[in-house]
Structure formats: C-alpha cells, structure tokens
Amino acid sequence: MNSIVQRNIIRAVFILAVQLLLLKRIDITFESFNYIHFTIYPIIIALLPYKSSKTLVVLIGFVIGLFVDLFYDSLGIHAAACTLVAYLRPYILNILSPVEGYKKDGLTAHGYGLPWFLSYVGIFMFISLFTLYSIEAFSFVYIKEIVLRSIFSFLASLFLIVIGQLIFNPKY
Amino acid sequence: MRNLIYLIIRFSAIVTFIILECLCFYLIVNYNKSQKEIWAHSSNLFTGAVNKRLNNVYSFFDLQTTNDSLLLENARLLETIINYRISSKDNRFQAFEQSDSLYQYNLIPARVCSKTLHLRDNYISLCKGRNDGIQPGMGVVSEHGVVGIVKSASTKYATVLLLLNSQSRVSGKVKSKEYSGTLLWTSSDPNILNMRNVPKHAEIAIGDTIVTSGYSVAFPPEIPIGKIKNFALEGGGNDYSINVHLDYDLSSIDYVYVVNFEDREEKSELIEELNE
C-alpha cells in the first residue's frame, strides 16, 4: 500500500517535471499551424489507483492543475479542466469496465492490456484537452481553433504517453 | 443526523467538484486578462439587456412628468419665437423701439381635458383656469397652429371655442401678401375653413399660406392656419370667398398653449370703443 502511494508521488513529480521543464518549451509551429501542444500531465490523475476515493481524486486533480497553472501563468484554467476530468474519472472507468471487473489496482497497460489502456487514456485525455482549450478560449466563438487544437494536441500527447508506458511499463 | 453525514459522505465527490470548479472559475475570471474581458463583456450583455428592459418600465412611469416638462419647454421656445418675430423679423420700426418693450406675448401651457369635434359648435376644455392666468378672450394655439379662443374660464378650468365652431371668428391674412380677412367655419368638413373679406383685387393663388394677422388681441402674428384650397368671387360682391385647408388635425391635439398678450385689455378697450 505504502509503495503504491510512493510510486504515485514519484511518478507525479517526474511527469510534472517533464511537463513543466521540457514539454512546456516545445513549440511546434508551421506558419499558421500552431495547434500542437504537448500536454501529458493529466495522465497522473488517470493512473491513480482504482480504489482511490472519488473526493480525493477530485482534490488531487485540482491541486495538480493549480500547480501547472502557476508555471503556465494561467491561474485556474488548467485547474478547472483537471478538476472536471478527475470528477469524470469514475464514470469513464464505469463505461470501460472489463467483463471480470477491476481486479487490479493499477490502471496501466501492464494490468489490463494496451487496447484497454489506449481507449481509457484516449477518452481521459481528450476530455481534459478539449475542456482545457475551451476554457482557455473562454468562448465558443473560437470553436474551430478549439477543436483543431484539441485533436492535434491529443494525438501528440497520446503518442508520448504510450511511448512512456511502453518504456517504463509500470505495474501500478 | 447520521443519515445526513452519510449523505454528505456519499455526495462528497460532487460537492468537492462543484466547490473547486467555482473556485477555478473565480480564479480564471480574476487573474486572466482575456478571460476576464470576455466574462465582463458577456455579463454586460446580459445585465445590459435586463437593465434596458427595466429602464423601459421605469421611464413609462415617468412619461407624464417628462411630457409636462417638455410642454413647459415648448411653451418657452414658442414664446421666444413669437416675440422675436414681432420685435425684429417683420418690424420696420425696430430702430425706434426698445426691444424689451416688445416682449408682449406669454404662453401658458395647458392639457386638454375634453373635446368635441363632431358637432356644429365644438369646444374643448382645458385643465387650467383663472388660477393659472387664463382669461376669456385669450387665443389658444398648439405647436402646429391656431386652435381657438378661450370663451370662459373658472378657477381651475377653461372652455375654448374651437376654430371648428360656427361662432368662431379669427382674423387671418395671406402670408407675405398682407391681405387680411376673417376665417369662419361654414362647411361641415373639419379640415376646411372659409375666409371672407379678402378684396377682389388681391393677388392670391392656390397653395398660398394663411396665417394669423396679429390685428386682434387673441393671436400673435404669423401663427400658421392652413393653405388656400380654392377661391371664388362671391356673386356680385367685391370679396373673395376662399376655402382654406387646415394644415393640421385638430382632433389629435392633447396639449395647447394659451396666448397671454400683455396689453390685451388696453387694446381690446380701444377696439370696443371704436365699435360703439
């Protein structure tokens, strides 16, 4: 039990470090095409143990989002998106429930297989990114930009996450 | 009590979620420039629409006051125009007269209480009387033109003999040609007046404007009445009989101005002496 908590903390610190020190600086722009932003930190919330209390997940989501906001200089935007997706996490898990139910605590590719992991993280990331860019624009006047940005960032971020998952292949 | 605690624990996720999202929203609209502007703008759209409606409702209750103050203002303006016209525009003796002695006409604004228009002898009554300075014999005009002459006045009310009355006699003239005559209402058409006593050598044409002459004590000069519709020589007479089409609709008047000529008594005494 203790090792799971430790593991999650270490993972959170690592992913946040990568996100804020490395990915934040990457800026892929081709003329007017600037829709790719690497955003992987919501995976911290997705990979929290299955048995974590809903309230705790929501709180953790808020804290992580706020922490990212401090670095992105956008107080509240990432926090709002993270809180929403953290709240929706149990419902996403419900939809994707395997036939035999969730037997293992770690929601990883190691535990439930890559296809399940892909669909889970895919839904999770897309919701969080779409919310994030919607709140960033703060008006559905920019719906085209929001959708384009969500899709391209989603693909890029998912690519990174899957690579990370394959490299580290964590049990929890 | 225990149930309540269970309930809170059961819904703690959604409660936390809502509280935190509200907090996020607060942070977003307070610490982010563009979001702050968008929020301010959209909330302004909403509150603006509400305020506009509220304002419409409030202003409806103020209409009466607004109308009254406008009426007063109109009276002042009309007064100034009338007096200016007398003192400078058409006055060839201007150099010999002191301009403040020519400020002769005051207007008293009044609201119409009741009116008849379909009878042979039509009257309107005003909601002001002797207390406000209205005396029998004063002329009554609206912003469009002549309305009638005050026939009698009580302390609070006054009766006005309308232009459309078989007894009404108003002295008029053809504008800029100075031929004067008397206007009567002999037809039954509320838009047509009859003008008598215009000599047959007068050069008049259809469409000429008829205004008040200013010879009587009731009206200042140059108050519009109507236009010449057609004219004919009376059989064997020396005078034209002119049909004058009223420029304005007397049935729609709600506010009028009573003309107070300062030297009214002096002038009317003199005229009466002449008639005796």
# chains A, B, ... in the order shown; residues from 1 in each chain; ligands from 1

$ interface_residues --of "chain B" --to "chain A" --cutoff "9 Å" --atoms "only C-alpha atoms" --output "JSON, numbers by chain"
{"B": [11, 12, 13, 14, 15, 16, 17, 20, 21, 22, 23, 24, 25, 26, 27, 28, 29, 30, 31, 32, 34, 35, 38, 39]}

$ write_last_selection --atoms "C-alpha atoms" --output "PDB file, in the first residue's frame"
ATOM      1  CA  PHE B  11     -22.040  13.096  -2.331  1.00  0.00           C
ATOM      2  CA  SER B  12     -18.719  14.474  -1.157  1.00  0.00           C
ATOM      3  CA  ALA B  13     -17.161  13.954  -4.605  1.00  0.00           C
ATOM      4  CA  ILE B  14     -19.692  16.055  -6.446  1.00  0.00           C
ATOM      5  CA  VAL B  15     -19.765  18.669  -3.665  1.00  0.00           C
ATOM      6  CA  THR B  16     -15.975  18.987  -3.749  1.00  0.00           C
ATOM      7  CA  PHE B  17     -16.097  19.073  -7.520  1.00  0.00           C
ATOM      8  CA  LEU B  20     -13.490  23.552  -6.697  1.00  0.00           C
ATOM      9  CA  GLU B  21     -14.909  24.397 -10.135  1.00  0.00           C
ATOM     10  CA  CYS B  22     -16.470  27.548  -8.706  1.00  0.00           C
ATOM     11  CA  LEU B  23     -13.117  28.428  -7.194  1.00  0.00           C
ATOM     12  CA  CYS B  24     -11.442  27.784 -10.566  1.00  0.00           C
ATOM     13  CA  PHE B  25     -13.965  29.952 -12.319  1.00  0.00           C
ATOM     14  CA  TYR B  26     -13.343  32.724  -9.843  1.00  0.00           C
ATOM     15  CA  LEU B  27      -9.591  32.405 -10.390  1.00  0.00           C
ATOM     16  CA  ILE B  28      -9.967  32.327 -14.178  1.00  0.00           C
ATOM     17  CA  VAL B  29     -12.052  35.455 -14.486  1.00  0.00           C
ATOM     18  CA  ASN B  30      -9.993  37.336 -11.926  1.00  0.00           C
ATOM     19  CA  TYR B  31      -6.413  36.517 -12.840  1.00  0.00           C
ATOM     20  CA  ASN B  32      -6.510  36.013 -16.615  1.00  0.00           C
ATOM     21  CA  SER B  34      -8.521  37.804 -21.889  1.00  0.00           C
ATOM     22  CA  GLN B  35     -10.934  35.597 -19.970  1.00  0.00           C
ATOM     23  CA  ILE B  38     -14.751  38.061 -22.220  1.00  0.00           C
ATOM     24  CA  TRP B  39     -16.525  37.468 -18.933  1.00  0.00           C
TER      25      TRP B  39
END

$ closest_atom_pairs --of "segment 15-89 of chain B" --to "segment 193-215 of chain B" --cutoff "12 Å" --atoms "only C-alpha atoms" --output "Markdown table"
| residue | atom | partner | partner_atom | distance |
| --- | --- | --- | --- | --- |
| B:Ile82 | CA | B:Gly214 | CA | 10.8 |
| B:Asn83 | CA | B:Gly214 | CA | 12.0 |
| B:Arg85 | CA | B:Gly214 | CA | 11.5 |
| B:Ile86 | CA | B:Gly214 | CA | 9.7 |

$ write_last_selection --atoms "N, CA, C and O atoms" --output "compact mmCIF listing (two decimals), in the first residue's frame"
# COMPACT_ATOMS: atom_id res chain seq x y z
N ILE B 82 -42.19 83.67 -31.09
CA ILE B 82 -43.24 84.64 -31.40
C ILE B 82 -42.76 86.06 -31.13
O ILE B 82 -42.88 86.97 -31.96
N ASN B 83 -42.16 86.23 -29.96
CA ASN B 83 -41.73 87.58 -29.58
C ASN B 83 -40.57 88.07 -30.44
O ASN B 83 -40.48 89.24 -30.78
N ARG B 85 -40.11 87.26 -33.53
CA ARG B 85 -40.67 87.60 -34.83
C ARG B 85 -41.22 89.02 -34.82
O ARG B 85 -41.02 89.80 -35.73
N ILE B 86 -41.93 89.34 -33.73
CA ILE B 86 -42.52 90.68 -33.63
C ILE B 86 -41.43 91.73 -33.52
O ILE B 86 -41.45 92.75 -34.18

$ select_by_dssp --residues "chain A" --states "helix (DSSP H, G or I)" --output "MDAnalysis selection string"
chainID A and resid 2:25 43:46 54:72 77:95 109:112 114:137 140:168

$ atom_distance --atom1 "atom CA of Ile242 of chain B" --atom2 "atom CA of Ile228 of chain B"
6.8 Å

$ atom_distance --atom1 "atom CA of Asp189 of chain B" --atom2 "atom CA of Asn243 of chain B"
11.0 Å

$ atom_distance --atom1 "atom CA of Gly111 of chain A" --atom2 "atom CA of Lys171 of chain A"
6.6 Å

$ residues_around --residues "segment 38-46 of chain A" --least-positions-apart "5" --cutoff "9 Å" --atoms "only C-alpha atoms" --output "MDAnalysis selection string"
chainID A and resid 8 11:12 15:16 18:19 23:24 26:27 57:58 60:61 64:65 68 82 85:86 89 107 120:121 124:125 128:129 153:154 156:158 160:161

$ select_by_dssp --residues "chain A" --states "strand (DSSP E or B)" --output "PyMOL selection string"
chain A and resi 28-30+33-36

$ decode --residues "segment 124-136 of chain B" --atoms "N, CA and C atoms" --output "compact mmCIF listing (two decimals), in the first residue's frame"
# COMPACT_ATOMS: atom_id res chain seq x y z
N ILE B 124 -63.38 72.75 -26.68
CA ILE B 124 -62.52 71.90 -25.86
C ILE B 124 -62.41 72.55 -24.49
N SER B 125 -62.16 71.74 -23.48
CA SER B 125 -61.93 72.35 -22.17
C SER B 125 -60.51 72.04 -21.72
N LEU B 126 -59.94 73.00 -21.04
CA LEU B 126 -58.56 72.88 -20.58
C LEU B 126 -58.52 72.64 -19.08
N CYS B 127 -57.46 71.99 -18.64
CA CYS B 127 -57.32 71.69 -17.21
C CYS B 127 -56.66 72.84 -16.45
N LYS B 128 -56.71 74.02 -17.00
CA LYS B 128 -56.19 75.18 -16.26
C LYS B 128 -57.20 76.31 -16.35
N GLY B 129 -57.19 77.17 -15.38
CA GLY B 129 -58.20 78.23 -15.36
C GLY B 129 -57.62 79.55 -14.90
N ARG B 130 -58.45 80.35 -14.28
CA ARG B 130 -58.04 81.68 -13.85
C ARG B 130 -56.82 81.64 -12.93
N ASN B 131 -56.75 80.57 -12.11
CA ASN B 131 -55.62 80.46 -11.19
C ASN B 131 -54.29 80.48 -11.92
N ASP B 132 -54.29 79.97 -13.14
CA ASP B 132 -53.04 79.94 -13.90
C ASP B 132 -52.93 81.11 -14.87
N GLY B 133 -53.88 82.02 -14.77
CA GLY B 133 -53.77 83.23 -15.57
C GLY B 133 -54.56 83.21 -16.86
N ILE B 134 -55.43 82.25 -17.02
CA ILE B 134 -56.22 82.19 -18.26
C ILE B 134 -57.46 83.09 -18.11
N GLN B 135 -57.67 83.91 -19.11
CA GLN B 135 -58.81 84.84 -19.11
C GLN B 135 -59.62 84.63 -20.39
N PRO B 136 -60.93 84.87 -20.34
CA PRO B 136 -61.72 84.79 -21.58
C PRO B 136 -61.18 85.75 -22.63
